[in-house]
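Data from structure.csv: CSV, C-alpha atoms and all ligand atoms
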```
chain,number,residue,atom,x,y,z
D,1,MET,CA,-14.3,7.7,2.3
D,2,LYS,CA,-12.8,8.8,-1.0
D,3,VAL,CA,-9.7,6.6,-1.3
D,4,LEU,CA,-6.8,7.2,-3.6
D,5,VAL,CA,-5.2,3.9,-4.7
D,6,ILE,CA,-1.6,4.4,-5.7
D,7,GLY,CA,-0.3,1.6,-7.9
D,8,ALA,CA,-3.9,0.8,-8.9
D,9,ASN,CA,-2.9,-0.9,-12.1
D,10,GLY,CA,-0.8,-3.4,-10.3
D,11,LYS,CA,-1.8,-7.0,-9.6
D,12,THR,CA,-2.7,-6.1,-6.0
D,13,GLY,CA,-3.8,-2.6,-6.8
D,14,LYS,CA,-6.6,-3.8,-9.2
D,15,ARG,CA,-7.9,-6.1,-6.5
D,16,VAL,CA,-7.9,-3.2,-4.0
D,17,VAL,CA,-9.9,-1.1,-6.4
D,18,ARG,CA,-12.4,-4.0,-6.9
D,19,ASN,CA,-12.8,-4.4,-3.2
D,20,LEU,CA,-13.4,-0.7,-2.7
D,21,VAL,CA,-16.0,-0.6,-5.5
D,22,ALA,CA,-17.8,-3.4,-3.6
D,23,SER,CA,-17.5,-1.5,-0.3
D,24,ARG,CA,-19.1,1.7,1.1
D,25,HIS,CA,-15.9,3.6,0.0
D,26,GLU,CA,-15.2,5.4,-3.3
D,27,PRO,CA,-12.0,4.5,-5.1
D,28,VAL,CA,-9.9,6.8,-7.2
D,29,ALA,CA,-7.3,4.8,-9.2
D,30,MET,CA,-4.0,6.5,-9.7
D,31,ILE,CA,-2.6,5.2,-13.0
D,32,ARG,CA,0.5,6.1,-15.1
D,33,SER,CA,-1.0,6.1,-18.6
D,34,VAL,CA,-4.4,6.7,-20.3
D,35,GLU,CA,-4.3,3.3,-21.8
D,36,GLN,CA,-4.8,1.8,-18.3
D,37,LYS,CA,-8.1,3.8,-17.8
D,38,THR,CA,-10.3,1.2,-19.6
D,39,THR,CA,-9.9,-1.4,-16.8
D,40,PHE,CA,-11.2,1.1,-14.2
D,41,ASP,CA,-14.0,2.5,-16.4
D,42,GLU,CA,-15.3,-1.1,-16.6
D,43,LEU,CA,-15.1,-1.4,-12.8
D,44,GLY,CA,-16.9,2.0,-12.5
D,45,ALA,CA,-13.9,3.5,-10.7
D,46,ALA,CA,-12.6,7.0,-11.2
D,47,THR,CA,-9.0,7.5,-12.4
D,48,VAL,CA,-6.3,10.1,-12.1
D,49,LEU,CA,-3.0,10.2,-13.9
D,50,GLY,CA,0.0,10.4,-11.5
D,51,ASP,CA,3.6,9.2,-11.2
D,52,LEU,CA,5.4,8.9,-7.9
D,53,GLU,CA,8.6,10.3,-9.4
D,54,TYR,CA,6.7,13.7,-9.7
D,55,PRO,CA,4.4,15.7,-7.5
D,56,ILE,CA,1.0,14.0,-7.0
D,57,ASP,CA,-0.8,16.8,-5.1
D,58,HIS,CA,-3.5,16.9,-7.8
D,59,ALA,CA,-4.2,13.2,-7.3
D,60,VAL,CA,-4.4,13.3,-3.5
D,61,ARG,CA,-6.4,16.5,-3.3
D,62,GLY,CA,-10.0,15.9,-2.2
D,63,CYS,CA,-9.3,12.3,-1.0
D,64,ASP,CA,-9.9,11.2,2.6
D,65,ALA,CA,-7.5,8.2,2.5
D,66,VAL,CA,-4.6,6.8,0.5
D,67,ILE,CA,-3.8,3.1,0.0
D,68,PHE,CA,-0.2,2.7,-1.3
D,69,ALA,CA,0.0,-0.5,-3.4
D,70,ALA,CA,2.8,0.7,-5.8
D,71,GLY,CA,6.3,-0.6,-6.2
D,72,SER,CA,9.1,-0.5,-8.7
D,73,GLY,CA,9.1,-4.3,-9.1
D,74,GLY,CA,12.0,-6.6,-9.5
D,75,LYS,CA,12.8,-5.8,-13.2
D,76,THR,CA,13.9,-2.2,-12.8
D,77,GLY,CA,17.2,-0.9,-11.5
D,78,LYS,CA,18.0,-0.4,-7.8
D,79,ASP,CA,17.8,3.4,-8.4
D,80,LYS,CA,14.0,3.0,-9.1
D,81,THR,CA,13.6,1.1,-5.9
D,82,VAL,CA,15.0,4.1,-4.0
D,83,LEU,CA,13.0,6.6,-6.2
D,84,ILE,CA,9.6,4.8,-5.9
D,85,ASP,CA,9.5,2.4,-2.9
D,86,HIS,CA,11.4,4.8,-0.7
D,87,ILE,CA,11.3,8.4,-1.9
D,88,GLY,CA,8.0,8.0,-3.8
D,89,ALA,CA,6.4,6.4,-0.8
D,90,ILE,CA,7.5,9.3,1.4
D,91,ARG,CA,6.3,11.8,-1.2
D,92,SER,CA,2.9,10.2,-1.0
D,93,MET,CA,2.8,10.4,2.8
D,94,VAL,CA,3.8,14.1,2.9
D,95,THR,CA,1.4,14.9,0.1
D,96,ALA,CA,-1.4,13.1,2.0
D,97,ALA,CA,-0.7,15.2,5.1
D,98,VAL,CA,-0.4,18.5,3.1
D,99,GLN,CA,-3.6,17.8,1.2
D,100,GLY,CA,-5.5,16.8,4.4
D,101,ALA,CA,-6.1,13.1,3.9
D,102,SER,CA,-6.7,11.6,7.3
D,103,ARG,CA,-6.0,7.9,6.7
D,104,TYR,CA,-3.0,6.2,5.1
D,105,ILE,CA,-2.6,2.5,4.5
D,106,MET,CA,0.9,1.2,3.3
D,107,LEU,CA,1.4,-2.1,1.6
D,108,SER,CA,4.9,-3.0,2.9
D,109,SER,CA,6.8,-6.3,3.2
D,110,ILE,CA,8.0,-8.9,5.6
D,111,ASN,CA,11.7,-8.7,6.2
D,112,LYS,CA,11.9,-5.0,5.8
D,113,ASP,CA,14.9,-3.8,7.8
D,114,PRO,CA,17.0,-0.6,7.5
D,115,LYS,CA,20.1,-2.8,8.0
D,116,SER,CA,19.0,-5.7,5.8
D,117,GLU,CA,21.7,-7.8,4.3
D,118,SER,CA,19.2,-9.9,2.3
D,119,LYS,CA,19.6,-10.7,-1.4
D,120,ILE,CA,17.2,-7.8,-2.0
D,121,MET,CA,18.5,-5.5,0.6
D,122,HIS,CA,18.0,-2.5,-1.6
D,123,TYR,CA,14.2,-3.3,-1.4
D,124,HIS,CA,14.0,-4.3,2.2
D,125,ARG,CA,15.9,-1.2,3.3
D,126,ALA,CA,13.8,1.1,1.1
D,127,LYS,CA,10.6,-0.3,2.6
D,128,ALA,CA,11.9,0.0,6.1
D,129,HIS,CA,13.0,3.6,5.6
D,130,ALA,CA,9.7,4.6,4.1
D,131,ASP,CA,7.7,2.9,6.9
D,132,ASP,CA,10.0,4.6,9.6
D,133,PHE,CA,9.1,7.9,8.1
D,134,LEU,CA,5.4,7.2,8.5
D,135,HIS,CA,5.9,6.1,12.1
D,136,GLY,CA,7.5,9.4,13.0
D,137,MET,CA,6.0,11.7,10.5
D,138,HIS,CA,3.7,13.7,12.9
D,139,GLU,CA,6.7,14.5,15.1
D,140,ILE,CA,8.5,16.3,12.3
D,141,MET,CA,5.3,17.8,10.7
D,142,PRO,CA,3.4,18.8,13.8
D,143,ASP,CA,1.6,21.7,12.0
D,144,HIS,CA,-0.2,19.3,9.7
D,145,PRO,CA,-3.2,17.2,10.9
D,146,LYS,CA,-2.1,13.8,12.2
D,147,ILE,CA,-2.6,11.0,9.8
D,148,GLU,CA,-4.0,7.7,11.0
D,149,TRP,CA,-1.7,5.2,9.4
D,150,THR,CA,-1.5,1.4,9.1
D,151,ILE,CA,1.3,-0.6,7.7
D,152,VAL,CA,0.6,-4.1,6.4
D,153,CYS,CA,3.6,-6.4,5.6
D,154,PRO,CA,2.7,-9.4,3.5
D,155,GLY,CA,4.9,-12.4,2.6
D,156,GLY,CA,5.6,-13.7,-0.9
D,157,LEU,CA,2.6,-12.7,-3.0
D,158,THR,CA,0.6,-15.4,-4.8
D,159,GLU,CA,-2.3,-15.6,-7.2
D,160,GLU,CA,-4.2,-18.1,-4.9
D,161,ALA,CA,-7.9,-17.5,-4.4
D,162,GLU,CA,-9.2,-15.5,-1.5
D,163,THR,CA,-9.6,-17.6,1.6
D,164,GLY,CA,-10.6,-14.6,3.8
D,165,THR,CA,-8.4,-16.1,6.5
D,166,VAL,CA,-5.0,-14.8,7.6
D,167,ARG,CA,-2.3,-14.8,10.3
D,168,VAL,CA,-1.0,-11.5,11.7
D,169,GLY,CA,2.1,-10.9,13.7
D,170,THR,CA,4.5,-8.1,14.8
D,171,ASP,CA,8.0,-9.6,14.0
D,172,PRO,CA,8.8,-8.6,10.4
D,173,HIS,CA,11.5,-11.3,10.2
D,174,VAL,CA,9.2,-14.2,9.2
D,175,SER,CA,8.7,-16.3,6.1
D,176,GLY,CA,5.5,-17.3,4.3
D,177,GLN,CA,3.1,-16.4,1.6
D,178,THR,CA,0.1,-14.1,1.2
D,179,SER,CA,-2.5,-14.3,-1.6
D,180,ARG,CA,-3.0,-11.0,-3.3
D,181,GLU,CA,-6.8,-11.5,-2.8
D,182,ASN,CA,-6.4,-11.8,1.0
D,183,LEU,CA,-4.0,-8.8,1.0
D,184,ALA,CA,-6.3,-6.6,-1.0
D,185,ALA,CA,-9.3,-7.5,1.2
D,186,THR,CA,-7.2,-6.7,4.3
D,187,LEU,CA,-5.9,-3.4,3.0
D,188,VAL,CA,-9.5,-2.3,2.4
D,189,ALA,CA,-10.8,-3.8,5.7
D,190,CYS,CA,-8.2,-1.7,7.6
D,191,LEU,CA,-10.1,1.4,6.6
D,192,ASP,CA,-13.1,0.3,8.7
D,193,GLU,CA,-11.1,-1.2,11.7
D,194,PRO,CA,-9.9,1.4,14.2
D,195,ALA,CA,-7.8,-1.2,15.9
D,196,THR,CA,-5.4,-1.1,13.0
D,197,ILE,CA,-4.6,2.6,13.4
D,198,GLY,CA,-0.9,3.2,14.3
D,199,LYS,CA,-0.2,-0.5,13.8
D,200,ASP,CA,2.6,-2.2,11.7
D,201,PHE,CA,2.0,-5.9,11.3
D,202,THR,CA,2.8,-8.9,9.1
D,203,LEU,CA,0.1,-10.6,7.1
D,204,LEU,CA,0.4,-14.2,6.0
D,205,ASP,CA,-2.3,-16.6,4.8
D,206,GLY,CA,-3.7,-18.4,7.8
D,207,GLU,CA,-6.7,-19.6,9.7
D,208,THR,CA,-8.2,-16.5,11.3
D,209,PRO,CA,-11.0,-14.5,9.5
D,210,ILE,CA,-9.6,-11.1,8.4
D,211,ALA,CA,-12.0,-9.0,10.4
D,212,GLU,CA,-11.2,-11.0,13.6
D,213,ALA,CA,-7.4,-10.9,12.9
D,214,LEU,CA,-7.5,-7.1,12.5
D,215,LYS,CA,-9.3,-6.5,15.8
D,216,GLY,CA,-6.3,-8.2,17.5
D,217,VAL,CA,-3.3,-6.4,15.8
D,301,LIG,N1,6.0,-9.7,-5.0
D,301,LIG,C1,6.0,-10.1,-3.7
D,301,LIG,O1,6.2,-11.3,-3.4
D,301,LIG,C2,5.9,-9.1,-2.6
D,301,LIG,C3,6.1,-9.5,-1.3
D,301,LIG,C4,5.9,-8.5,-0.3
D,301,LIG,C5,5.5,-7.2,-0.6
D,301,LIG,N2,5.4,-6.9,-1.9
D,301,LIG,C6,5.0,-5.5,-2.2
D,301,LIG,O2,3.7,-5.5,-2.9
D,301,LIG,C7,3.7,-4.5,-3.9
D,301,LIG,C8,2.6,-4.8,-4.9
D,301,LIG,O3,2.9,-6.1,-5.5
D,301,LIG,P1,2.2,-6.4,-6.9
D,301,LIG,O4,2.7,-7.7,-7.3
D,301,LIG,O5,0.8,-6.0,-6.9
D,301,LIG,O6,3.0,-5.3,-7.8
D,301,LIG,P2,2.8,-4.9,-9.3
D,301,LIG,O7,1.8,-5.7,-10.0
D,301,LIG,O8,4.2,-4.9,-9.9
D,301,LIG,O9,2.2,-3.4,-9.3
D,301,LIG,C9,3.0,-2.3,-8.9
D,301,LIG,C10,2.3,-1.1,-9.4
D,301,LIG,O10,3.1,0.1,-9.0
D,301,LIG,C11,3.0,1.0,-10.1
D,301,LIG,N3,4.1,1.9,-10.2
D,301,LIG,C12,5.4,1.6,-10.5
D,301,LIG,N4,6.2,2.7,-10.5
D,301,LIG,C13,5.3,3.7,-10.3
D,301,LIG,C14,5.5,5.1,-10.2
D,301,LIG,N5,6.6,5.7,-10.5
D,301,LIG,N6,4.4,5.9,-9.9
D,301,LIG,C15,3.2,5.3,-9.7
D,301,LIG,N7,3.0,4.0,-9.8
D,301,LIG,C16,4.0,3.2,-10.1
D,301,LIG,C17,3.0,0.1,-11.4
D,301,LIG,O11,2.4,0.9,-12.4
D,301,LIG,P3,2.3,0.3,-13.9
D,301,LIG,O12,1.1,-0.6,-13.9
D,301,LIG,O13,2.0,1.6,-14.7
D,301,LIG,O14,3.6,-0.4,-14.3
D,301,LIG,C18,2.0,-1.0,-10.9
D,301,LIG,O15,0.7,-0.7,-11.2
D,301,LIG,C19,5.1,-4.6,-4.5
D,301,LIG,O16,5.4,-3.4,-5.1
D,301,LIG,C20,5.9,-4.8,-3.2
D,301,LIG,O17,6.3,-3.6,-2.7
D,301,LIG,C21,5.6,-7.8,-2.9
```
Just dump the structure as structure tokens.
Amino acid sequence: MKVLVIGANGKTGKRVVRNLVASRHEPVAMIRSVEQKTTFDELGAATVLGDLEYPIDHAVRGCDAVIFAAGSGGKTGKDKTVLIDHIGAIRSMVTAAVQGASRYIMLSSINKDPKSESKIMHYHRAKAHADDFLHGMHEIMPDHPKIEWTIVCPGGLTEEAETGTVRVGTDPHVSGQTSRENLAATLVACLDEPATIGKDFTLLDGETPIAEALKGV
């Protein structure tokens, strides 16, 4: 599959692109500036310029799948959390449907909750609203082909080495950590595991090999 990686220049996004290059899939890295292109040229991955605050039809066109690994981060204002993590995410979902992508993988978060009262409730609410849209998207856009979606909710992200072993669950209200290496490997592995279609699950570092964990979600 030709896979658009949104947020490709991020710490997780770069690892997702690397995993895709090593897989049978073909990545297209969506980046925000030409200076970021060199990294992907060196990896042998195609790039396209795009910004979630503006239409991204040109970036999604021709892709079979989208992996969303973008985020406004903790250093921008709460307005950017709404504009990128919530509205930008939904923009990418609608664009994927309109442009005929058949698969969509969302990098979400544990503790997402539309009624969150956490210290980062603006973020946890934004992620929950975006994910809820994906859950019910086909009902409100029945004229577009149904997208096969998967939502992966990691814990606190770390720079630890890949262990290839994880723990999955369905209750988003958990605590724990997830290495970006394990996360990126999992996001890419979801493309090839039909059992993950229509599933929304947490992903923490654990003891179960990724492929085995994904069969059981
Ligand atoms: N940090 C955690 O502990 C944690 C826990 C659970 C879930 N998460 C989720 O995991 C995501 C990825 O984490 P990370 O550490 O890999 O993030 P990161 O390194 O901050 O990467 C985020 C990427 O999003 C891109 N981006 C920001 N605004 C954009 C826009 N308007 N249009 C297109 N792309 C845009 C950034 O582009 P530039 O490179 O151009 O700036 C960057 O490449 C987070 O955003 C968060 O939602 C994080």
- Message: One number please: atom CA of D:Thr76 to atom CA of D:Leu157, in Å, one decimal.
- Response: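 Computing the Euclidean distance for atom CA of D:Thr76 and atom CA of D:Leu157 yields 18.3 Å.
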Taking all atoms listed in the file into account, produce a table as a Markdown table in which each residue of chain D with an atom at most 7 Å from an atom of ligand LIG 301 (chain D) appears once, together with its shortest atom pair and the distance in Å to one decimal, ordered by chain and rising number.
```
| residue | atom | partner | partner_atom | distance |
| --- | --- | --- | --- | --- |
| D:Ile6 | CA | D:LIG301 | N7 | 6.2 |
| D:Gly7 | CA | D:LIG301 | O10 | 3.9 |
| D:Ala8 | CA | D:LIG301 | O15 | 5.4 |
| D:Asn9 | CA | D:LIG301 | O15 | 3.7 |
| D:Gly10 | CA | D:LIG301 | O9 | 3.2 |
| D:Lys11 | CA | D:LIG301 | O7 | 3.8 |
| D:Thr12 | CA | D:LIG301 | O5 | 3.6 |
| D:Gly13 | CA | D:LIG301 | O5 | 5.7 |
| D:Ile31 | CA | D:LIG301 | O13 | 6.1 |
| D:Arg32 | CA | D:LIG301 | O13 | 4.8 |
| D:Ser33 | CA | D:LIG301 | O13 | 6.7 |
| D:Gly50 | CA | D:LIG301 | C15 | 6.3 |
| D:Asp51 | CA | D:LIG301 | N6 | 3.6 |
| D:Leu52 | CA | D:LIG301 | N6 | 3.7 |
| D:Glu53 | CA | D:LIG301 | N5 | 5.1 |
| D:Ala69 | CA | D:LIG301 | C8 | 5.2 |
| D:Ala70 | CA | D:LIG301 | O10 | 3.3 |
| D:Gly71 | CA | D:LIG301 | O16 | 3.1 |
| D:Ser72 | CA | D:LIG301 | C12 | 4.6 |
| D:Gly73 | CA | D:LIG301 | O8 | 5.0 |
| D:Ile84 | CA | D:LIG301 | N5 | 5.6 |
| D:Asp85 | CA | D:LIG301 | O17 | 6.8 |
| D:Leu107 | CA | D:LIG301 | O2 | 6.1 |
| D:Ser108 | CA | D:LIG301 | C5 | 5.5 |
| D:Ser109 | CA | D:LIG301 | C5 | 4.1 |
| D:Ile110 | CA | D:LIG301 | C4 | 6.3 |
| D:Cys153 | CA | D:LIG301 | C5 | 6.5 |
| D:Pro154 | CA | D:LIG301 | C4 | 5.0 |
| D:Gly155 | CA | D:LIG301 | C4 | 5.0 |
| D:Gly156 | CA | D:LIG301 | O1 | 3.5 |
| D:Leu157 | CA | D:LIG301 | O1 | 3.9 |
```
*Between D:Val98, D:Val82, D:Gly216, D:Arg180, which is the closest to D:Ala130 once you count only C-alpha atoms?*
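Smallest distance to D:Ala130 is found for D:Val82.
The closest residue to D:Lys146, picked from D:Asn19, D:Ser116, D:Ser102, D:Thr39 and counting only C-alpha atoms, is D:Ser102.
Distances to D:His138 were evaluated for D:Ser179, D:Leu204, D:Lys215, D:Ala97 using all atoms listed in the file, and the minimum falls at D:Ala97.
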Checklist entry - Do you know which residues are at most 10 Å from D:Val5 counting all atoms listed in the file, after dropping those on the same chain fewer than 5 positions away, and could you put them as number ranges by chain? => result D: 13-14, 16-17, 20, 27-31, 47-48, 59-60, 65-70, 105
re atom CA of D:Arg18 and atom CA of D:Glu42: distance 10.5 Å
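Here the question is which of D:Glu207, D:Glu148, D:Asp57, D:Glu160 gets nearest to D:Pro194 using all atoms listed in the file, and that residue is D:Glu148.
When all atoms listed in the file are used to compute distances to D:Thr208, the closest of the residues D:His25, D:Arg103, D:Arg167, D:Lys37 turns out to be D:Arg167.
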(request) Using atom CA of D:Lys115 and atom CA of D:Pro172 as the two end points, give the distance in Å to one decimal. (result)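 For atom CA of D:Lys115 relative to atom CA of D:Pro172, the distance reads 12.9 Å.
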Which residues come within 12 Å of D:Thr186, counting only C-alpha atoms, excluding same-chain residues fewer than 2 positions away, as a PyMOL selection string? chain D and resi 12+15-16+19-20+67+105-107+150-154+162-168+178-184+188-193+196+201-205+209-215
If you count all atoms listed in the file, the residue of D:Leu49, D:Ile56, D:Ala126, D:Ala22 closest to D:Thr95 turns out to be D:Ile56
